[in-house]
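Have a look at upload36.cif below; it lists mmCIF, C-alpha atoms and all ligand atoms.
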data_data
loop_
_atom_site.group_PDB
_atom_site.id
_atom_site.type_symbol
_atom_site.label_atom_id
_atom_site.label_comp_id
_atom_site.auth_asym_id
_atom_site.auth_seq_id
_atom_site.Cartn_x
_atom_site.Cartn_y
_atom_site.Cartn_z
ATOM 1 C CA SER A 1 147.943 140.969 125.538
ATOM 2 C CA ALA A 2 144.833 138.781 125.260
ATOM 3 C CA HIS A 3 141.359 140.070 125.949
ATOM 4 C CA ARG A 4 140.076 138.152 128.928
ATOM 5 C CA ILE A 5 136.467 137.063 129.423
ATOM 6 C CA ASP A 6 135.445 135.150 132.550
ATOM 7 C CA VAL A 7 132.028 133.490 132.415
ATOM 8 C CA VAL A 8 130.212 132.379 135.556
ATOM 9 C CA THR A 9 127.376 129.926 134.926
ATOM 10 C CA ILE A 10 125.618 126.861 136.316
ATOM 11 C CA PHE A 11 125.897 125.347 132.796
ATOM 12 C CA PRO A 12 129.629 125.456 131.919
ATOM 13 C CA SER A 13 129.280 122.852 129.145
ATOM 14 C CA PHE A 14 127.085 125.326 127.266
ATOM 15 C CA PHE A 15 130.278 127.134 126.370
ATOM 16 C CA ASP A 16 132.045 124.095 124.869
ATOM 17 C CA VAL A 17 131.176 125.448 121.398
ATOM 18 C CA LEU A 18 133.705 128.233 121.984
ATOM 19 C CA GLU A 19 136.332 125.603 121.128
ATOM 20 C CA VAL A 20 135.209 125.572 117.500
ATOM 21 C CA SER A 21 135.142 128.107 114.662
ATOM 22 C CA LEU A 22 136.617 131.562 114.615
ATOM 23 C CA LEU A 23 136.626 132.074 118.357
ATOM 24 C CA GLY A 24 138.315 128.731 118.966
ATOM 25 C CA LYS A 25 141.115 129.799 116.657
ATOM 26 C CA ALA A 26 141.325 133.178 118.394
ATOM 27 C CA ARG A 27 141.755 131.348 121.698
ATOM 28 C CA ASP A 28 144.412 129.048 120.255
ATOM 29 C CA ARG A 29 146.260 132.073 118.902
ATOM 30 C CA GLY A 30 146.198 133.778 122.305
ATOM 31 C CA LEU A 31 143.995 136.700 121.211
ATOM 32 C CA LEU A 32 141.094 135.759 123.424
ATOM 33 C CA ASP A 33 141.334 134.247 126.898
ATOM 34 C CA VAL A 34 137.892 132.850 127.814
ATOM 35 C CA ARG A 35 137.620 131.170 131.224
ATOM 36 C CA VAL A 36 134.365 129.415 132.103
ATOM 37 C CA HIS A 37 133.558 128.848 135.770
ATOM 38 C CA ASP A 38 130.865 126.724 137.407
ATOM 39 C CA LEU A 39 129.034 128.865 139.980
ATOM 40 C CA ARG A 40 128.526 125.724 142.088
ATOM 41 C CA GLU A 41 132.283 125.697 142.799
ATOM 42 C CA TRP A 42 131.472 128.468 145.257
ATOM 43 C CA THR A 43 128.727 126.639 147.143
ATOM 44 C CA HIS A 44 129.457 124.782 150.384
ATOM 45 C CA ASP A 45 126.356 122.665 151.058
ATOM 46 C CA ARG A 46 126.006 119.052 149.904
ATOM 47 C CA HIS A 47 123.347 119.947 147.317
ATOM 48 C CA ARG A 48 125.452 122.823 145.934
ATOM 49 C CA THR A 49 122.428 125.126 146.184
ATOM 50 C CA VAL A 50 122.473 128.269 144.047
ATOM 51 C CA ASP A 51 118.861 129.479 144.357
ATOM 52 C CA ASP A 52 116.083 129.987 146.862
ATOM 53 C CA THR A 53 112.499 131.271 147.046
ATOM 54 C CA PRO A 54 111.909 135.017 146.584
ATOM 55 C CA TYR A 55 111.292 137.287 149.575
ATOM 56 C CA GLY A 56 107.845 138.813 149.199
ATOM 57 C CA GLY A 57 106.575 135.786 147.330
ATOM 58 C CA GLY A 58 106.057 135.217 143.645
ATOM 59 C CA ALA A 59 106.860 132.668 140.994
ATOM 60 C CA GLY A 60 110.206 131.023 140.384
ATOM 61 C CA MET A 61 113.465 131.037 142.261
ATOM 62 C CA VAL A 62 116.109 133.710 142.818
ATOM 63 C CA MET A 63 119.835 133.077 142.730
ATOM 64 C CA LYS A 64 121.387 133.335 146.192
ATOM 65 C CA PRO A 65 123.964 136.086 146.713
ATOM 66 C CA GLU A 66 126.624 134.096 148.594
ATOM 67 C CA PRO A 67 128.017 131.942 145.737
ATOM 68 C CA TRP A 68 128.007 134.983 143.444
ATOM 69 C CA GLY A 69 129.930 137.033 146.013
ATOM 70 C CA GLU A 70 132.601 134.358 146.309
ATOM 71 C CA ALA A 71 132.799 133.908 142.542
ATOM 72 C CA LEU A 72 133.274 137.617 141.875
ATOM 73 C CA ASP A 73 135.850 137.876 144.687
ATOM 74 C CA ALA A 74 137.869 134.954 143.288
ATOM 75 C CA ILE A 75 137.912 136.383 139.764
ATOM 76 C CA VAL A 76 138.836 139.884 140.912
ATOM 77 C CA ALA A 77 141.610 138.492 143.149
ATOM 78 C CA ASP A 78 143.058 136.888 140.005
ATOM 79 C CA ALA A 79 142.769 140.065 137.861
ATOM 80 C CA ALA A 80 145.286 142.814 137.155
ATOM 81 C CA ALA A 81 142.679 145.603 137.200
ATOM 82 C CA PRO A 82 138.972 146.090 137.964
ATOM 83 C CA PRO A 83 136.923 144.302 135.263
ATOM 84 C CA VAL A 84 133.605 145.232 133.679
ATOM 85 C CA PHE A 85 130.836 142.980 135.021
ATOM 86 C CA VAL A 86 128.221 142.099 132.413
ATOM 87 C CA PHE A 87 124.954 140.522 133.503
ATOM 88 C CA PRO A 88 122.711 139.352 130.649
ATOM 89 C CA SER A 89 119.138 140.254 131.623
ATOM 90 C CA PRO A 90 115.888 140.902 129.780
ATOM 91 C CA ALA A 91 115.634 143.917 132.122
ATOM 92 C CA GLY A 92 118.938 145.359 130.923
ATOM 93 C CA GLU A 93 119.882 148.045 128.400
ATOM 94 C CA MET A 94 119.850 146.817 124.792
ATOM 95 C CA PHE A 95 123.013 145.127 123.541
ATOM 96 C CA THR A 96 123.885 146.617 120.138
ATOM 97 C CA GLN A 97 126.866 146.731 117.799
ATOM 98 C CA ALA A 98 127.893 149.909 119.677
ATOM 99 C CA THR A 99 127.905 147.932 122.949
ATOM 100 C CA ALA A 100 129.966 145.207 121.273
ATOM 101 C CA ARG A 101 132.503 147.834 120.149
ATOM 102 C CA GLU A 102 132.681 149.272 123.675
ATOM 103 C CA PHE A 103 133.199 145.826 125.190
ATOM 104 C CA ALA A 104 135.876 144.965 122.590
ATOM 105 C CA HIS A 105 137.938 147.836 124.041
ATOM 106 C CA GLU A 106 137.736 146.404 127.560
ATOM 107 C CA PRO A 107 140.666 144.153 128.485
ATOM 108 C CA HIS A 108 138.604 142.160 130.998
ATOM 109 C CA LEU A 109 134.903 141.294 131.008
ATOM 110 C CA VAL A 110 133.203 139.105 133.606
ATOM 111 C CA ILE A 111 129.876 137.750 132.346
ATOM 112 C CA GLY A 112 127.528 136.512 135.068
ATOM 113 C CA CYS A 113 124.819 134.200 133.719
ATOM 114 C CA GLY A 114 121.732 134.126 135.900
ATOM 115 C CA ARG A 115 118.462 132.364 135.410
ATOM 116 C CA TYR A 116 115.830 134.713 134.050
ATOM 117 C CA GLU A 117 113.911 135.072 137.346
ATOM 118 C CA GLY A 118 117.067 136.797 138.435
ATOM 119 C CA ILE A 119 119.973 137.110 140.771
ATOM 120 C CA ASP A 120 119.554 138.665 144.229
ATOM 121 C CA GLU A 121 119.735 142.424 143.526
ATOM 122 C CA ARG A 122 122.471 142.957 146.122
ATOM 123 C CA VAL A 123 124.938 141.081 143.901
ATOM 124 C CA PHE A 124 124.816 143.958 141.384
ATOM 125 C CA GLU A 125 125.471 146.492 144.143
ATOM 126 C CA TYR A 126 128.400 144.433 145.380
ATOM 127 C CA ALA A 127 129.810 144.024 141.848
ATOM 128 C CA ALA A 128 129.661 147.820 141.437
ATOM 129 C CA ARG A 129 132.166 148.089 144.299
ATOM 130 C CA LEU A 130 134.570 145.788 142.449
ATOM 131 C CA GLY A 131 134.274 147.291 138.955
ATOM 132 C CA ARG A 132 131.792 148.765 136.474
ATOM 133 C CA VAL A 133 128.486 146.896 136.029
ATOM 134 C CA ARG A 134 126.320 146.574 132.892
ATOM 135 C CA LEU A 135 122.980 144.760 132.686
ATOM 136 C CA VAL A 136 122.427 144.000 129.017
ATOM 137 C CA SER A 137 119.523 142.505 127.076
ATOM 138 C CA LEU A 138 119.846 140.697 123.771
ATOM 139 C CA GLY A 139 116.362 141.788 122.740
ATOM 140 C CA ASP A 140 112.760 142.052 123.802
ATOM 141 C CA TYR A 141 112.142 138.378 124.415
ATOM 142 C CA VAL A 142 112.799 136.085 127.345
ATOM 143 C CA LEU A 143 115.396 133.324 127.436
ATOM 144 C CA ASN A 144 115.627 130.799 130.254
ATOM 145 C CA GLY A 145 118.972 132.082 131.409
ATOM 146 C CA GLY A 146 121.878 134.305 130.486
ATOM 147 C CA GLU A 147 123.948 131.617 128.737
ATOM 148 C CA VAL A 148 122.687 132.009 125.163
ATOM 149 C CA ALA A 149 122.870 135.790 125.537
ATOM 150 C CA ALA A 150 126.436 135.492 126.866
ATOM 151 C CA MET A 151 127.429 133.336 123.869
ATOM 152 C CA ALA A 152 125.974 135.890 121.453
ATOM 153 C CA MET A 153 127.838 138.706 123.176
ATOM 154 C CA ILE A 154 131.128 136.785 123.279
ATOM 155 C CA GLU A 155 130.862 136.174 119.553
ATOM 156 C CA ALA A 156 129.869 139.766 118.722
ATOM 157 C CA VAL A 157 132.678 141.172 120.909
ATOM 158 C CA GLY A 158 135.303 138.546 120.058
ATOM 159 C CA ARG A 159 135.125 139.106 116.318
ATOM 160 C CA LEU A 160 135.865 142.838 116.836
ATOM 161 C CA ILE A 161 139.153 142.129 118.600
ATOM 162 C CA PRO A 162 141.986 142.948 116.160
ATOM 163 C CA GLY A 163 143.272 139.817 114.448
ATOM 164 C CA VAL A 164 140.268 137.596 115.222
ATOM 165 C CA VAL A 165 138.570 138.235 111.859
ATOM 166 C CA GLY A 166 141.043 137.669 109.018
ATOM 167 C CA ASN A 167 139.884 140.470 106.745
ATOM 168 C CA PRO A 168 139.144 143.653 108.762
ATOM 169 C CA GLU A 169 137.394 145.179 105.716
ATOM 170 C CA SER A 170 134.633 142.595 106.061
ATOM 171 C CA LEU A 171 133.855 144.190 109.440
ATOM 172 C CA LEU A 172 133.208 147.569 107.819
ATOM 173 C CA GLU A 173 130.748 146.452 105.141
ATOM 174 C CA GLU A 174 128.358 144.437 107.225
ATOM 175 C CA SER A 175 124.935 145.249 108.612
ATOM 176 C CA HIS A 176 124.876 147.663 111.570
ATOM 177 C CA GLU A 177 128.251 149.201 110.763
ATOM 178 C CA GLY A 178 127.301 152.439 109.033
ATOM 179 C CA GLY A 179 123.687 152.256 110.166
ATOM 180 C CA LEU A 180 122.296 150.408 107.111
ATOM 181 C CA LEU A 181 121.578 146.743 106.466
ATOM 182 C CA GLU A 182 124.011 144.871 104.243
ATOM 183 C CA TYR A 183 123.532 144.776 100.444
ATOM 184 C CA PRO A 184 122.621 141.399 98.811
ATOM 185 C CA SER A 185 125.508 139.099 97.861
ATOM 186 C CA TYR A 186 125.832 136.648 94.964
ATOM 187 C CA THR A 187 128.433 134.137 93.782
ATOM 188 C CA LYS A 188 128.767 131.693 90.877
ATOM 189 C CA PRO A 189 126.903 130.406 88.903
ATOM 190 C CA ALA A 190 125.537 133.560 87.219
ATOM 191 C CA SER A 191 122.307 131.701 86.503
ATOM 192 C CA TRP A 192 120.868 129.180 88.968
ATOM 193 C CA ARG A 193 117.502 127.434 88.639
ATOM 194 C CA GLY A 194 116.250 130.293 86.527
ATOM 195 C CA TYR A 195 117.408 133.003 88.938
ATOM 196 C CA ASP A 196 119.968 135.405 87.473
ATOM 197 C CA VAL A 197 122.571 137.482 89.292
ATOM 198 C CA PRO A 198 121.749 141.206 88.772
ATOM 199 C CA GLU A 199 123.468 142.262 85.536
ATOM 200 C CA ILE A 200 125.145 145.296 87.059
ATOM 201 C CA LEU A 201 127.345 143.004 89.186
ATOM 202 C CA LEU A 202 128.736 141.413 86.000
ATOM 203 C CA SER A 203 129.404 144.806 84.351
ATOM 204 C CA GLY A 204 132.846 145.469 85.806
ATOM 205 C CA ASN A 205 131.739 149.086 86.401
ATOM 206 C CA HIS A 206 132.872 149.536 90.003
ATOM 207 C CA GLY A 207 131.298 152.981 90.453
ATOM 208 C CA ALA A 208 127.926 151.770 89.206
ATOM 209 C CA ILE A 209 128.178 148.654 91.388
ATOM 210 C CA ALA A 210 128.917 150.732 94.500
ATOM 211 C CA ALA A 211 125.940 153.006 93.737
ATOM 212 C CA TRP A 212 123.625 150.008 93.157
ATOM 213 C CA ARG A 213 124.721 148.392 96.394
ATOM 214 C CA ARG A 214 124.055 151.614 98.317
ATOM 215 C CA GLU A 215 120.546 151.823 96.785
ATOM 216 C CA GLN A 216 119.911 148.219 97.792
ATOM 217 C CA GLN A 217 121.066 148.941 101.342
ATOM 218 C CA ILE A 218 118.721 151.907 101.662
ATOM 219 C CA ALA A 219 115.774 150.065 100.070
ATOM 220 C CA ARG A 220 116.031 147.014 102.297
ATOM 221 C CA THR A 221 116.663 149.114 105.411
ATOM 222 C CA ARG A 222 113.508 151.134 104.638
ATOM 223 C CA GLU A 223 111.582 147.871 104.083
ATOM 224 C CA ARG A 224 112.843 145.806 107.040
ATOM 225 C CA ARG A 225 114.196 148.295 109.585
ATOM 226 C CA PRO A 226 112.654 151.760 109.080
ATOM 227 C CA ASP A 227 113.639 152.499 112.694
ATOM 228 C CA LEU A 228 117.292 152.628 111.599
ATOM 229 C CA LEU A 229 116.438 155.468 109.187
ATOM 230 C CA GLY A 230 114.407 157.314 111.823
ATOM 231 C CA GLU A 231 111.234 156.609 109.817
HETATM 232 N N1 LIG B 301 118.196 136.375 129.976
HETATM 233 C C1 LIG B 301 116.930 136.044 129.730
HETATM 234 N N2 LIG B 301 116.451 136.703 128.688
HETATM 235 C C2 LIG B 301 117.447 137.500 128.248
HETATM 236 C C3 LIG B 301 117.566 138.434 127.204
HETATM 237 N N3 LIG B 301 116.560 138.710 126.376
HETATM 238 N N4 LIG B 301 118.729 139.083 127.055
HETATM 239 C C4 LIG B 301 119.741 138.831 127.887
HETATM 240 N N5 LIG B 301 119.695 137.968 128.888
HETATM 241 C C5 LIG B 301 118.559 137.295 129.078
#

As structure tokens, how would this structure be written, given the file I've shared?
Ligand code: ADE
Amino acid sequence: SAHRIDVVTIFPSFFDVLEVSLLGKARDRGLLDVRVHDLREWTHDRHRTVDDTPYGGGAGMVMKPEPWGEALDAIVADAAAPPVFVFPSPAGEMFTQATAREFAHEPHLVIGCGRYEGIDERVFEYAARLGRVRLVSLGDYVLNGGEVAAMAMIEAVGRLIPGVVGNPESLLEESHEGGLLEYPSYTKPASWRGYDVPEILLSGNHGAIAAWRREQQIARTRERRPDLLGE
């Protein structure tokens, strides 16, 4: 049965790119069922208002709870079991490869894209009555809204669903699986503009190649991401 992801956003066309590439094929093959909803479908005023000024004052606008409540109700009414609600937020827990693996095991995710000033806090409390809730951040920087974060998460999660990536071994070798960065890769020609492919890779000595690659992984992890080595 397909993994289902509902996305609620005020920018549904943002997700048109899901038609292309690997995830588009996964959708065509019935592995991934992504449904994008326009939050404004659940407004009832002529301006289709989704935000309002913050109580207590301050900059920016806050997303009103009512359309969100109706959106979550409609999606849950159409679901077989309680979903996991994911709200991209710079104030969330960090989204990592481990989070992606967790989410890939969930049959139904609902991703609510808010603008970065936020969604009325009561929406999260209400969502917690309908299913589990996760606020997740892509990293320590601020985006204008949850859409780009949602796209990144859909791609990271989608490619872990069995059958989406053609060669499952490619999932095991890459950066962040195994806690080290990936080793450097080379293809033909062996010499290009004066740069040569490391000789060891042409040696045919598979044991020596594996050892060299491991050294490279450790060296570049120490250089670029000492935090991954606890250093
Ligand atoms: N929305 C705005 N900034 C974000 C971030 N860094 N991660 C997830 N969602 C966001």

**Request:** Evaluate the PyMOL selection byres (((not hetatm)) within 12 of (chain B and resi 301)) and record the selected residues as an NGL selection string, following the chain and residue labels used in the document.
**Result:** :A and (86-96 or 111-119 or 134-153)

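For the residues A:Ile5, A:Ala59, A:Val17, A:Leu31, ranking by smallest atom-to-atom distance to Leu109 in chain A using only C-alpha atoms places A:Ile5 first.
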
**Item:** Pairwise distance for CA of Arg225 in chain A and CA of Glu155 in chain A, rounded to one decimal in Å
**Value:** 22.9 Å

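Residues matching the PyMOL selection byres (((chain A and resi 175-189) around 7) and not hetatm) in this structure come to A:Gln97, A:Leu172, A:Glu173, A:Glu174, A:Ala190, A:Ser191, A:Trp192, A:Val197, A:Arg213, A:Gln216, A:Gln217, A:Ile218, A:Arg220, A:Thr221, A:Leu228.
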
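Restricting the calculation to only C-alpha atoms, the smallest distance between Gly24 in chain A and any of A:Gly207, A:Gly60, A:Gly158, A:Pro83 is found for A:Gly158.
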
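Distances to Ile75 in chain A were evaluated for A:His108, A:Arg132, A:His3, A:Arg214 using only C-alpha atoms, and the minimum falls at A:His108.
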
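Of the residues under consideration (A:Trp68, A:Phe15, A:Tyr55, A:Trp212), A:Trp68 shows the shortest atom-to-atom contact distance to Glu41 in chain A when counting all atoms listed in the file.
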
**Request:** Please work out which residues fall within 12 Å of (128.1, 143.2, 141.3), coordinates as given in the file, with only C-alpha atoms counting, and return them as a PyMOL selection string.
**Result:** chain A and resi 65-66+68-73+76+82-87+110-112+119-135

**Prompt:** Which neighbours of Asp51 in chain A fall inside 8 Å, counting all atoms listed in the file, when residues of the same chain fewer than 6 positions from it are skipped, and could you give them as a list of chain:residue names?
**Reply:** A:Met61, A:Val62, A:Met63, A:Lys64

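What separates CA of Leu160 in chain A from CA of Ala100 in chain A is a distance of 7.8 Å.
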
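The two atoms in question, CA of Pro168 in chain A and CA of Val34 in chain A, are spaced 21.9 Å apart.
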
All file atoms of range 29-42 of chain A boxed axis-aligned, 8 Å per side, centre plus edges, as lines of an AutoDock Vina configuration file:
center_x = 137.4
center_y = 131.2
center_z = 132.1
size_x = 33.7
size_y = 27.0
size_z = 42.4

Care to translate the PyMOL selection byres (((chain A and resi 32) around 12) and not hetatm) into actual residues of this file, as a PDB file with C-alpha atoms, keeping the file's coordinate frame?
ATOM      1  CA  SER A   1     147.943 140.969 125.538  1.00  0.00           C
ATOM      2  CA  ALA A   2     144.833 138.781 125.260  1.00  0.00           C
ATOM      3  CA  HIS A   3     141.359 140.070 125.949  1.00  0.00           C
ATOM      4  CA  ARG A   4     140.076 138.152 128.928  1.00  0.00           C
ATOM      5  CA  ILE A   5     136.467 137.063 129.423  1.00  0.00           C
ATOM      6  CA  ASP A   6     135.445 135.150 132.550  1.00  0.00           C
ATOM      7  CA  LEU A  18     133.705 128.233 121.984  1.00  0.00           C
ATOM      8  CA  GLU A  19     136.332 125.603 121.128  1.00  0.00           C
ATOM      9  CA  LEU A  22     136.617 131.562 114.615  1.00  0.00           C
ATOM     10  CA  LEU A  23     136.626 132.074 118.357  1.00  0.00           C
ATOM     11  CA  GLY A  24     138.315 128.731 118.966  1.00  0.00           C
ATOM     12  CA  LYS A  25     141.115 129.799 116.657  1.00  0.00           C
ATOM     13  CA  ALA A  26     141.325 133.178 118.394  1.00  0.00           C
ATOM     14  CA  ARG A  27     141.755 131.348 121.698  1.00  0.00           C
ATOM     15  CA  ASP A  28     144.412 129.048 120.255  1.00  0.00           C
ATOM     16  CA  ARG A  29     146.260 132.073 118.902  1.00  0.00           C
ATOM     17  CA  GLY A  30     146.198 133.778 122.305  1.00  0.00           C
ATOM     18  CA  LEU A  31     143.995 136.700 121.211  1.00  0.00           C
ATOM     19  CA  ASP A  33     141.334 134.247 126.898  1.00  0.00           C
ATOM     20  CA  VAL A  34     137.892 132.850 127.814  1.00  0.00           C
ATOM     21  CA  ARG A  35     137.620 131.170 131.224  1.00  0.00           C
ATOM     22  CA  ALA A 104     135.876 144.965 122.590  1.00  0.00           C
ATOM     23  CA  GLU A 106     137.736 146.404 127.560  1.00  0.00           C
ATOM     24  CA  PRO A 107     140.666 144.153 128.485  1.00  0.00           C
ATOM     25  CA  HIS A 108     138.604 142.160 130.998  1.00  0.00           C
ATOM     26  CA  LEU A 109     134.903 141.294 131.008  1.00  0.00           C
ATOM     27  CA  ILE A 154     131.128 136.785 123.279  1.00  0.00           C
ATOM     28  CA  GLU A 155     130.862 136.174 119.553  1.00  0.00           C
ATOM     29  CA  VAL A 157     132.678 141.172 120.909  1.00  0.00           C
ATOM     30  CA  GLY A 158     135.303 138.546 120.058  1.00  0.00           C
ATOM     31  CA  ARG A 159     135.125 139.106 116.318  1.00  0.00           C
ATOM     32  CA  LEU A 160     135.865 142.838 116.836  1.00  0.00           C
ATOM     33  CA  ILE A 161     139.153 142.129 118.600  1.00  0.00           C
ATOM     34  CA  PRO A 162     141.986 142.948 116.160  1.00  0.00           C
ATOM     35  CA  GLY A 163     143.272 139.817 114.448  1.00  0.00           C
ATOM     36  CA  VAL A 164     140.268 137.596 115.222  1.00  0.00           C
TER      37      VAL A 164
END
